[in-house]
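*Asks:* Got a file for you: protein.pdb, PDB, C-alpha atoms (C1' of nucleotides).
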ATOM      1  CA  MET A   1      50.442 -23.680 -39.367
ATOM      2  CA  ARG A   2      53.793 -24.075 -37.667
ATOM      3  CA  LEU A   3      54.255 -27.033 -35.337
ATOM      4  CA  ALA A   4      57.384 -27.573 -33.251
ATOM      5  CA  SER A   5      58.926 -29.764 -30.579
ATOM      6  CA  TRP A   6      61.633 -28.996 -28.024
ATOM      7  CA  ASN A   7      63.151 -30.958 -25.167
ATOM      8  CA  VAL A   8      63.869 -28.029 -22.848
ATOM      9  CA  ASN A   9      65.611 -30.007 -20.062
ATOM     10  CA  SER A  10      63.857 -28.161 -17.197
ATOM     11  CA  ILE A  11      61.195 -25.601 -18.047
ATOM     12  CA  LYS A  12      62.069 -23.565 -14.967
ATOM     13  CA  VAL A  13      65.666 -23.054 -16.066
ATOM     14  CA  ARG A  14      64.775 -22.584 -19.730
ATOM     15  CA  LEU A  15      61.722 -20.316 -19.397
ATOM     16  CA  PRO A  16      63.510 -17.115 -20.514
ATOM     17  CA  GLN A  17      64.897 -18.906 -23.575
ATOM     18  CA  LEU A  18      61.520 -20.485 -24.284
ATOM     19  CA  LEU A  19      59.784 -17.097 -24.232
ATOM     20  CA  GLU A  20      62.434 -15.643 -26.525
ATOM     21  CA  TRP A  21      62.097 -18.555 -28.894
ATOM     22  CA  LEU A  22      58.301 -18.382 -29.002
ATOM     23  CA  ALA A  23      58.495 -14.696 -29.892
ATOM     24  CA  ALA A  24      61.053 -15.355 -32.629
ATOM     25  CA  ALA A  25      59.746 -18.602 -34.161
ATOM     26  CA  ARG A  26      56.053 -18.000 -33.469
ATOM     27  CA  PRO A  27      54.890 -21.621 -33.648
ATOM     28  CA  ASP A  28      51.128 -22.253 -33.546
ATOM     29  CA  ALA A  29      51.746 -25.304 -31.380
ATOM     30  CA  LEU A  30      54.808 -26.521 -29.497
ATOM     31  CA  CYS A  31      55.422 -29.874 -27.824
ATOM     32  CA  LEU A  32      57.723 -29.704 -24.809
ATOM     33  CA  GLN A  33      59.604 -32.531 -23.102
ATOM     34  CA  GLU A  34      61.572 -32.882 -19.876
ATOM     35  CA  LEU A  35      59.690 -30.214 -17.974
ATOM     36  CA  LYS A  36      61.072 -31.746 -14.751
ATOM     37  CA  THR A  37      58.227 -30.227 -12.768
ATOM     38  CA  GLU A  38      54.598 -30.692 -11.989
ATOM     39  CA  GLU A  39      52.190 -27.840 -11.445
ATOM     40  CA  PRO A  40      52.316 -25.383  -9.732
ATOM     41  CA  GLY A  41      55.982 -25.181 -10.758
ATOM     42  CA  TYR A  42      54.851 -24.985 -14.391
ATOM     43  CA  PRO A  43      54.984 -21.345 -15.639
ATOM     44  CA  ARG A  44      51.457 -21.332 -17.046
ATOM     45  CA  ALA A  45      50.798 -17.631 -16.443
ATOM     46  CA  ALA A  46      54.025 -16.435 -18.083
ATOM     47  CA  LEU A  47      53.257 -18.526 -21.164
ATOM     48  CA  GLU A  48      49.677 -17.265 -21.301
ATOM     49  CA  ALA A  49      50.989 -13.714 -21.157
ATOM     50  CA  ALA A  50      53.073 -14.653 -24.209
ATOM     51  CA  GLY A  51      49.935 -15.859 -26.002
ATOM     52  CA  TYR A  52      50.091 -19.601 -25.379
ATOM     53  CA  VAL A  53      47.785 -21.909 -23.468
ATOM     54  CA  SER A  54      49.179 -25.177 -22.114
ATOM     55  CA  VAL A  55      48.037 -28.699 -21.507
ATOM     56  CA  VAL A  56      50.452 -30.323 -19.093
ATOM     57  CA  ASN A  57      51.359 -33.810 -17.919
ATOM     58  CA  GLY A  58      53.980 -32.911 -15.343
ATOM     59  CA  GLN A  59      56.304 -34.836 -13.066
ATOM     60  CA  LYS A  60      58.713 -33.790 -10.362
ATOM     61  CA  THR A  61      62.452 -34.085 -11.170
ATOM     62  CA  TYR A  62      62.084 -36.286 -14.266
ATOM     63  CA  ASN A  63      60.118 -36.402 -17.506
ATOM     64  CA  GLY A  64      57.033 -34.195 -17.854
ATOM     65  CA  VAL A  65      55.491 -33.073 -21.163
ATOM     66  CA  ALA A  66      53.220 -30.296 -22.384
ATOM     67  CA  ILE A  67      51.597 -28.945 -25.524
ATOM     68  CA  LEU A  68      51.501 -25.176 -25.958
ATOM     69  CA  SER A  69      49.157 -23.620 -28.484
ATOM     70  CA  ARG A  70      47.844 -20.231 -29.562
ATOM     71  CA  SER A  71      44.317 -21.591 -29.980
ATOM     72  CA  PRO A  72      42.714 -23.797 -27.318
ATOM     73  CA  ALA A  73      43.609 -27.487 -27.215
ATOM     74  CA  THR A  74      40.752 -29.972 -26.862
ATOM     75  CA  ASP A  75      40.289 -33.683 -26.176
ATOM     76  CA  VAL A  76      43.329 -33.924 -23.932
ATOM     77  CA  VAL A  77      44.625 -37.421 -23.165
ATOM     78  CA  ALA A  78      47.573 -37.986 -20.825
ATOM     79  CA  ASN A  79      49.926 -40.991 -21.046
ATOM     80  CA  ILE A  80      49.453 -44.075 -23.228
ATOM     81  CA  PRO A  81      45.962 -45.412 -22.487
ATOM     82  CA  GLY A  82      46.092 -48.951 -21.140
ATOM     83  CA  PHE A  83      49.857 -48.877 -20.491
ATOM     84  CA  ALA A  84      50.629 -48.723 -16.777
ATOM     85  CA  ASP A  85      53.517 -46.298 -16.333
ATOM     86  CA  GLU A  86      54.500 -44.001 -13.468
ATOM     87  CA  GLN A  87      56.546 -41.854 -15.825
ATOM     88  CA  ARG A  88      54.868 -38.848 -17.412
ATOM     89  CA  ARG A  89      55.988 -39.076 -21.012
ATOM     90  CA  VAL A  90      52.979 -38.501 -23.245
ATOM     91  CA  ILE A  91      50.208 -35.973 -23.738
ATOM     92  CA  ALA A  92      47.833 -35.660 -26.692
ATOM     93  CA  ALA A  93      45.411 -32.935 -27.728
ATOM     94  CA  THR A  94      43.655 -31.580 -30.790
ATOM     95  CA  VAL A  95      44.831 -28.162 -31.987
ATOM     96  CA  SER A  96      43.351 -26.451 -35.064
ATOM     97  CA  GLY A  97      42.032 -29.737 -36.419
ATOM     98  CA  ILE A  98      45.324 -31.568 -35.963
ATOM     99  CA  ARG A  99      45.708 -34.398 -33.482
ATOM    100  CA  VAL A 100      49.025 -33.690 -31.779
ATOM    101  CA  ILE A 101      50.750 -36.341 -29.668
ATOM    102  CA  CYS A 102      53.748 -35.139 -27.671
ATOM    103  CA  VAL A 103      56.165 -37.897 -26.646
ATOM    104  CA  TYR A 104      59.243 -38.162 -24.483
ATOM    105  CA  CYS A 105      60.489 -41.648 -25.273
ATOM    106  CA  PRO A 106      62.713 -43.412 -22.714
ATOM    107  CA  ASN A 107      66.470 -42.985 -22.927
ATOM    108  CA  GLY A 108      67.289 -46.659 -22.430
ATOM    109  CA  GLN A 109      70.602 -45.964 -20.658
ATOM    110  CA  ALA A 110      72.528 -48.953 -22.026
ATOM    111  CA  VAL A 111      71.747 -51.874 -24.300
ATOM    112  CA  GLY A 112      70.775 -54.845 -22.163
ATOM    113  CA  SER A 113      69.875 -52.795 -19.079
ATOM    114  CA  ASP A 114      66.476 -52.812 -17.356
ATOM    115  CA  LYS A 115      65.890 -49.334 -18.737
ATOM    116  CA  TYR A 116      66.603 -50.576 -22.240
ATOM    117  CA  ALA A 117      64.014 -53.329 -21.828
ATOM    118  CA  TYR A 118      61.572 -50.697 -20.563
ATOM    119  CA  LYS A 119      62.330 -48.551 -23.607
ATOM    120  CA  LEU A 120      61.465 -51.371 -26.005
ATOM    121  CA  ARG A 121      58.280 -52.243 -24.060
ATOM    122  CA  TRP A 122      57.346 -48.590 -24.087
ATOM    123  CA  PHE A 123      57.823 -48.315 -27.852
ATOM    124  CA  ALA A 124      55.645 -51.395 -28.377
ATOM    125  CA  ALA A 125      52.884 -49.737 -26.339
ATOM    126  CA  LEU A 126      53.327 -46.470 -28.261
ATOM    127  CA  LYS A 127      52.958 -48.335 -31.539
ATOM    128  CA  GLU A 128      49.668 -49.876 -30.434
ATOM    129  CA  TYR A 129      48.426 -46.472 -29.312
ATOM    130  CA  LEU A 130      49.421 -44.734 -32.543
ATOM    131  CA  SER A 131      47.940 -47.530 -34.615
ATOM    132  CA  ALA A 132      44.526 -46.678 -33.139
ATOM    133  CA  GLU A 133      45.097 -42.924 -33.300
ATOM    134  CA  ILE A 134      45.972 -42.955 -36.984
ATOM    135  CA  ARG A 135      42.731 -44.778 -37.718
ATOM    136  CA  ASN A 136      40.780 -42.115 -35.833
ATOM    137  CA  HIS A 137      42.652 -39.014 -36.990
ATOM    138  CA  ASP A 138      43.442 -38.316 -40.627
ATOM    139  CA  ARG A 139      45.568 -35.339 -39.589
ATOM    140  CA  LEU A 140      47.949 -36.740 -36.976
ATOM    141  CA  ALA A 141      51.328 -35.416 -35.818
ATOM    142  CA  VAL A 142      53.577 -37.219 -33.344
ATOM    143  CA  ALA A 143      56.269 -34.899 -32.067
ATOM    144  CA  GLY A 144      58.963 -35.230 -29.482
ATOM    145  CA  ASP A 145      62.213 -36.652 -28.239
ATOM    146  CA  PHE A 146      62.271 -40.235 -29.527
ATOM    147  CA  ASN A 147      65.748 -41.032 -28.251
ATOM    148  CA  VAL A 148      66.413 -42.961 -31.459
ATOM    149  CA  ALA A 149      68.653 -41.905 -34.335
ATOM    150  CA  PRO A 150      66.876 -43.665 -37.221
ATOM    151  CA  GLU A 151      69.828 -44.069 -39.584
ATOM    152  CA  ASP A 152      73.596 -43.755 -39.581
ATOM    153  CA  ARG A 153      73.334 -40.383 -41.318
ATOM    154  CA  ASP A 154      71.579 -39.160 -38.159
ATOM    155  CA  VAL A 155      74.720 -39.903 -36.116
ATOM    156  CA  HIS A 156      77.894 -37.793 -36.074
ATOM    157  CA  ASP A 157      80.160 -40.823 -35.744
ATOM    158  CA  PRO A 158      78.330 -44.022 -36.684
ATOM    159  CA  LYS A 159      81.377 -46.206 -36.002
ATOM    160  CA  ALA A 160      81.785 -44.934 -32.468
ATOM    161  CA  TRP A 161      78.053 -45.317 -31.829
ATOM    162  CA  GLU A 162      77.617 -48.701 -33.504
ATOM    163  CA  GLY A 163      75.351 -50.948 -31.434
ATOM    164  CA  GLN A 164      74.984 -48.364 -28.661
ATOM    165  CA  VAL A 165      71.765 -47.195 -27.110
ATOM    166  CA  HIS A 166      69.871 -44.775 -29.424
ATOM    167  CA  VAL A 167      71.115 -46.520 -32.551
ATOM    168  CA  SER A 168      70.858 -50.242 -31.748
ATOM    169  CA  GLU A 169      68.949 -52.382 -34.203
ATOM    170  CA  PRO A 170      65.987 -53.161 -31.882
ATOM    171  CA  GLU A 171      65.505 -49.430 -31.266
ATOM    172  CA  ARG A 172      65.677 -48.647 -34.960
ATOM    173  CA  ALA A 173      63.225 -51.484 -35.645
ATOM    174  CA  ALA A 174      60.865 -49.916 -33.084
ATOM    175  CA  TRP A 175      61.194 -46.601 -34.939
ATOM    176  CA  ARG A 176      60.508 -48.231 -38.293
ATOM    177  CA  ALA A 177      57.423 -49.900 -36.817
ATOM    178  CA  LEU A 178      56.041 -46.422 -36.086
ATOM    179  CA  VAL A 179      56.822 -45.257 -39.612
ATOM    180  CA  ALA A 180      55.179 -48.403 -40.985
ATOM    181  CA  LEU A 181      51.887 -47.324 -39.431
ATOM    182  CA  GLY A 182      51.778 -44.637 -42.105
ATOM    183  CA  LEU A 183      53.742 -41.891 -40.378
ATOM    184  CA  GLN A 184      56.468 -40.029 -42.205
ATOM    185  CA  ASP A 185      59.638 -38.553 -40.778
ATOM    186  CA  SER A 186      58.980 -34.966 -41.863
ATOM    187  CA  PHE A 187      62.705 -34.171 -41.918
ATOM    188  CA  ARG A 188      63.250 -36.690 -44.727
ATOM    189  CA  LEU A 189      60.469 -35.309 -46.891
ATOM    190  CA  PHE A 190      63.029 -32.749 -48.034
ATOM    191  CA  GLU A 191      66.570 -32.651 -49.275
ATOM    192  CA  GLN A 192      68.645 -31.795 -46.212
ATOM    193  CA  PRO A 193      72.238 -30.789 -45.590
ATOM    194  CA  GLU A 194      74.466 -33.483 -44.078
ATOM    195  CA  LYS A 195      75.177 -33.700 -40.372
ATOM    196  CA  ILE A 196      72.038 -32.067 -39.087
ATOM    197  CA  PHE A 197      71.401 -33.110 -35.495
ATOM    198  CA  SER A 198      68.974 -32.166 -32.723
ATOM    199  CA  TRP A 199      70.993 -33.128 -29.623
ATOM    200  CA  TRP A 200      74.609 -32.558 -28.626
ATOM    201  CA  ASP A 201      76.377 -33.771 -25.493
ATOM    202  CA  TYR A 202      77.081 -31.042 -22.954
ATOM    203  CA  ARG A 203      80.499 -32.587 -22.439
ATOM    204  CA  MET A 204      83.542 -32.613 -24.692
ATOM    205  CA  LEU A 205      82.476 -29.500 -26.610
ATOM    206  CA  GLY A 206      79.826 -31.610 -28.285
ATOM    207  CA  PHE A 207      78.026 -28.722 -29.924
ATOM    208  CA  ARG A 208      81.136 -26.914 -31.085
ATOM    209  CA  ARG A 209      82.348 -30.144 -32.707
ATOM    210  CA  ASN A 210      78.834 -30.870 -34.045
ATOM    211  CA  ALA A 211      79.123 -34.238 -32.304
ATOM    212  CA  GLY A 212      75.385 -34.848 -32.200
ATOM    213  CA  LEU A 213      72.483 -37.147 -32.904
ATOM    214  CA  ARG A 214      69.166 -36.516 -34.645
ATOM    215  CA  ILE A 215      66.790 -37.966 -32.076
ATOM    216  CA  ASP A 216      64.011 -35.340 -31.958
ATOM    217  CA  HIS A 217      61.420 -35.921 -34.625
ATOM    218  CA  LEU A 218      58.126 -34.775 -36.090
ATOM    219  CA  LEU A 219      56.175 -37.666 -37.594
ATOM    220  CA  LEU A 220      53.255 -36.792 -39.870
ATOM    221  CA  SER A 221      50.306 -38.770 -41.203
ATOM    222  CA  ALA A 222      49.970 -38.907 -45.000
ATOM    223  CA  ALA A 223      47.440 -36.064 -45.075
ATOM    224  CA  LEU A 224      49.753 -33.788 -43.107
ATOM    225  CA  ALA A 225      52.876 -34.878 -44.979
ATOM    226  CA  ARG A 226      51.192 -33.754 -48.199
ATOM    227  CA  ASP A 227      50.759 -30.284 -46.696
ATOM    228  CA  CYS A 228      54.244 -30.052 -45.211
ATOM    229  CA  THR A 229      56.378 -27.317 -46.786
ATOM    230  CA  ALA A 230      59.443 -27.394 -44.519
ATOM    231  CA  SER A 231      61.060 -29.397 -41.714
ATOM    232  CA  THR A 232      64.079 -27.965 -39.947
ATOM    233  CA  VAL A 233      66.168 -27.956 -36.778
ATOM    234  CA  ASP A 234      66.681 -24.542 -35.194
ATOM    235  CA  LYS A 235      70.189 -24.565 -33.747
ATOM    236  CA  ALA A 236      70.010 -20.983 -32.485
ATOM    237  CA  PRO A 237      68.896 -21.753 -28.903
ATOM    238  CA  ARG A 238      71.686 -24.315 -28.512
ATOM    239  CA  LYS A 239      74.217 -21.495 -28.976
ATOM    240  CA  LEU A 240      72.960 -19.508 -25.994
ATOM    241  CA  GLU A 241      74.421 -19.524 -22.492
ATOM    242  CA  ARG A 242      73.070 -22.336 -20.355
ATOM    243  CA  PRO A 243      71.204 -24.045 -23.199
ATOM    244  CA  SER A 244      69.138 -27.197 -23.309
ATOM    245  CA  ASP A 245      71.164 -30.023 -24.831
ATOM    246  CA  HIS A 246      68.381 -30.373 -27.450
ATOM    247  CA  ALA A 247      67.422 -27.942 -30.216
ATOM    248  CA  PRO A 248      63.830 -27.284 -31.346
ATOM    249  CA  VAL A 249      62.555 -29.055 -34.464
ATOM    250  CA  VAL A 250      59.997 -27.253 -36.616
ATOM    251  CA  VAL A 251      57.554 -28.062 -39.428
ATOM    252  CA  ASP A 252      55.454 -25.745 -41.550
ATOM    253  CA  LEU A 253      52.127 -26.964 -42.905
ATOM    254  CA  LYS A 254      49.973 -25.377 -45.580
ATOM    255  CA  THR A 255      46.547 -24.647 -44.178
ATOM    256  CA  GLY A 256      43.131 -23.942 -45.605
ATOM    257  CA  ILE A 257      43.823 -26.175 -48.602
ATOM    258  CA  SER A 258      42.892 -29.642 -47.499
TER     259      SER A 258
ATOM    260  C1'  DA B 259      91.975 -42.721 -21.181
ATOM    261  C1'  DT B 260      84.884 -44.985 -20.833
ATOM    262  C1'  DG B 261      86.384 -39.358 -18.403
ATOM    263  C1'  DG B 262      84.204 -35.016 -19.874
ATOM    264  C1'  DC B 263      78.344 -31.418 -18.459
ATOM    265  C1'  DT B 264      73.791 -30.128 -16.517
ATOM    266  C1'  DA B 265      69.552 -30.409 -13.523
ATOM    267  C1'  DC B 266      67.492 -32.005  -9.459
ATOM    268  C1'  DG B 267      66.815 -32.950  -4.710
ATOM    269  C1'  DA B 268      69.062 -34.113  -1.528
ATOM    270  C1'  DT B 269      73.185 -31.810   0.808
ATOM    271  C1'  DC B 270      78.433 -30.825   0.098
ATOM    272  C1'  DC B 271      77.001 -36.431  -3.348
ATOM    273  C1'  DG B 272      73.906 -39.695  -6.063
ATOM    274  C1'  DT B 273      70.757 -40.299  -9.992
ATOM    275  C1'  DA B 274      69.716 -39.501 -14.622
ATOM    276  C1'  DG B 275      70.146 -37.913 -19.011
ATOM    277  C1'  DA B 276      72.036 -39.467 -24.169
TER     278       DA B 276
END
Let's see the structure in the file written out as structure tokens.
*Replies:*
Amino acid sequence: MRLASWNVNSIKVRLPQLLEWLAAARPDALCLQELKTEEPGYPRAALEAAGYVSVVNGQKTYNGVAILSRSPATDVVANIPGFADEQRRVIAATVSGIRVICVYCPNGQAVGSDKYAYKLRWFAALKEYLSAEIRNHDRLAVAGDFNVAPEDRDVHDPKAWEGQVHVSEPERAAWRALVALGLQDSFRLFEQPEKIFSWWDYRMLGFRRNAGLRIDHLLLSAALARDCTASTVDKAPRKLERPSDHAPVVVDLKTGIS
DNA sequence: ATGGCTACGATCCGTAGA
């Protein structure tokens, strides 16, 4: 079982790259963020022709999330239940016995801003949601763009970023509160090279300089973490012309054993 | 030097991302 997540920054613009990537990486399920469209702008038919069904929580211009899968997704839940929010940032579904929650966490803009306050409120609501989900689903994966770099080693230049949005202590505390529910950062289950990131600024030759952040994550419940054999970032799509600013993150899970 | 790209929906710039 291969599970992946990718902030595509407009599914309309990125569709050709997405189809190429699906054919090359062949994930069984893929969480997408920043669709920037609602249906009918969502390319459902093209993805079905490529072998993937979709459950979609779309929004015009901003946000928008989906879960693609080879096998049908069931028990679809959009948004964070009980949390009033206009922004379409969450969709959950069960795929091949795994509860998959796709998240596009708020950016936060700047520490102290209204959007930063919203980000922290949003994370508190996510924690409550996941706390219930982990009780109900032994095999739980939470995948997406968290907009938090958990540690300094997830930041290309920790000094320059110190105290900034994405690395500030309240954001990192919100991240650790998710981990404390019993979710593991799959990337850190393995020895990893240094300076692996999942996002690079479009400006200032960010990718060429590897001036990035690791803010896209795949969190796994204990049962799934035990079955996890690899967790990687696939930088290949970021090298293409007109790329998303985020790269896909991928985990492989042993199946048929548990 | 606080800029710099990219996408969107509105025009020929403003908002947002991170």
*Asks:* If we count all atoms listed in the file, which residues of chain B reach to within 12 Å of chain A? Please list them as JSON, numbers by chain.
*Replies:* {"B": [261, 262, 263, 264, 265, 266, 267, 268, 273, 274, 275, 276]}
*Asks:* Would you compute the distance between CA of Thr232 in chain A and CA of Ala4 in chain A? Give it in Å to one decimal.
*Replies:*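 Here the two named atoms are 9.5 Å from each other.
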*Asks:* Rounded to one decimal in Å, what is the spacing between CA of Asp154 in chain A and CA of Ile196 in chain A?
*Replies:*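 Between these atoms lies a distance of 7.2 Å.
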*Asks:* Would you mind reading off the distance between CA of Val56 in chain A and CA of Gly144 in chain A, one decimal, in Å?
*Replies:*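 Interatomic distance, CA of Val56 in chain A to CA of Gly144 in chain A: 14.3 Å.
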*Asks:* I'd like the contact shell of range 179-184 of chain A - 6 Å cut-off, all atoms listed in the file, skipping same-chain residues fewer than 4 positions apart - returned as a list of chain:residue names.
*Replies:* A:Leu219, A:Leu220, A:Ser221
*Asks:* Find the axis-aligned box for chain B, covering all its listed atoms and adding 4 Å on each side, and write its centre and edge lengths in Å to one decimal as JSON.
*Replies:*
{"center_x": 79.4, "center_y": -37.6, "center_z": -11.7, "size_x": 33.2, "size_y": 22.9, "size_z": 33.0}
*Asks:* With the file shown as input, list the residues that the PyMOL selection byres ((chain A and resi 118) around 12) selects, as a VMD selection string.
*Replies:* chain A and resid 83 to 85 87 105 to 117 119 to 125 171
*Asks:* Return as a ChimeraX atom specification the set of residues that the PyMOL selection byres ((chain A and resi 78) around 9) yields on the displayed structure.
*Replies:* /A:56-57,76-77,79-81,88-93
*Asks:* Using only C-alpha atoms, can you tell me which of A:Arg26, A:Asn7, A:Leu218, A:Trp175 comes closest to Ile101 in chain A?
*Replies:*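 Under the stated criterion, the closest residue is A:Leu218.
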*Asks:* Identify which of the residues A:Phe187, A:Phe207, A:Tyr129, A:Phe197 lies closest to Val155 in chain A, counting all atoms listed in the file when measuring atom-to-atom distances.
*Replies:* A:Phe197
*Asks:* Starting from the incomplete input, reconstruct N, CA and C atoms of range 19-30 of chain A and report them as an mmCIF file, keeping the file's coordinate frame.
*Replies:*
data_model
loop_
_atom_site.group_PDB
_atom_site.id
_atom_site.type_symbol
_atom_site.label_atom_id
_atom_site.label_comp_id
_atom_site.auth_asym_id
_atom_site.auth_seq_id
_atom_site.Cartn_x
_atom_site.Cartn_y
_atom_site.Cartn_z
ATOM 1 N N LEU A 19 60.571 -18.285 -23.879
ATOM 2 C CA LEU A 19 59.784 -17.097 -24.232
ATOM 3 C C LEU A 19 60.417 -16.367 -25.416
ATOM 4 N N GLU A 20 61.735 -16.262 -25.400
ATOM 5 C CA GLU A 20 62.434 -15.643 -26.525
ATOM 6 C C GLU A 20 62.177 -16.412 -27.814
ATOM 7 N N TRP A 21 62.253 -17.732 -27.691
ATOM 8 C CA TRP A 21 62.097 -18.555 -28.894
ATOM 9 C C TRP A 21 60.670 -18.487 -29.438
ATOM 10 N N LEU A 22 59.699 -18.494 -28.562
ATOM 11 C CA LEU A 22 58.301 -18.382 -29.002
ATOM 12 C C LEU A 22 58.076 -17.077 -29.758
ATOM 13 N N ALA A 23 58.663 -16.000 -29.244
ATOM 14 C CA ALA A 23 58.495 -14.696 -29.892
ATOM 15 C C ALA A 23 59.173 -14.667 -31.255
ATOM 16 N N ALA A 24 60.292 -15.372 -31.371
ATOM 17 C CA ALA A 24 61.053 -15.355 -32.629
ATOM 18 C C ALA A 24 60.475 -16.335 -33.653
ATOM 19 N N ALA A 25 60.179 -17.559 -33.226
ATOM 20 C CA ALA A 25 59.746 -18.602 -34.161
ATOM 21 C C ALA A 25 58.232 -18.600 -34.374
ATOM 22 N N ARG A 26 57.506 -18.113 -33.407
ATOM 23 C CA ARG A 26 56.053 -18.000 -33.469
ATOM 24 C C ARG A 26 55.350 -19.277 -33.937
ATOM 25 N N PRO A 27 55.622 -20.398 -33.283
ATOM 26 C CA PRO A 27 54.890 -21.621 -33.648
ATOM 27 C C PRO A 27 53.420 -21.500 -33.230
ATOM 28 N N ASP A 28 52.538 -22.202 -33.952
ATOM 29 C CA ASP A 28 51.128 -22.253 -33.546
ATOM 30 C C ASP A 28 50.928 -23.275 -32.442
ATOM 31 N N ALA A 29 51.770 -24.310 -32.457
ATOM 32 C CA ALA A 29 51.746 -25.304 -31.380
ATOM 33 C C ALA A 29 53.162 -25.791 -31.139
ATOM 34 N N LEU A 30 53.464 -26.076 -29.876
ATOM 35 C CA LEU A 30 54.808 -26.521 -29.497
ATOM 36 C C LEU A 30 54.701 -27.633 -28.463
#
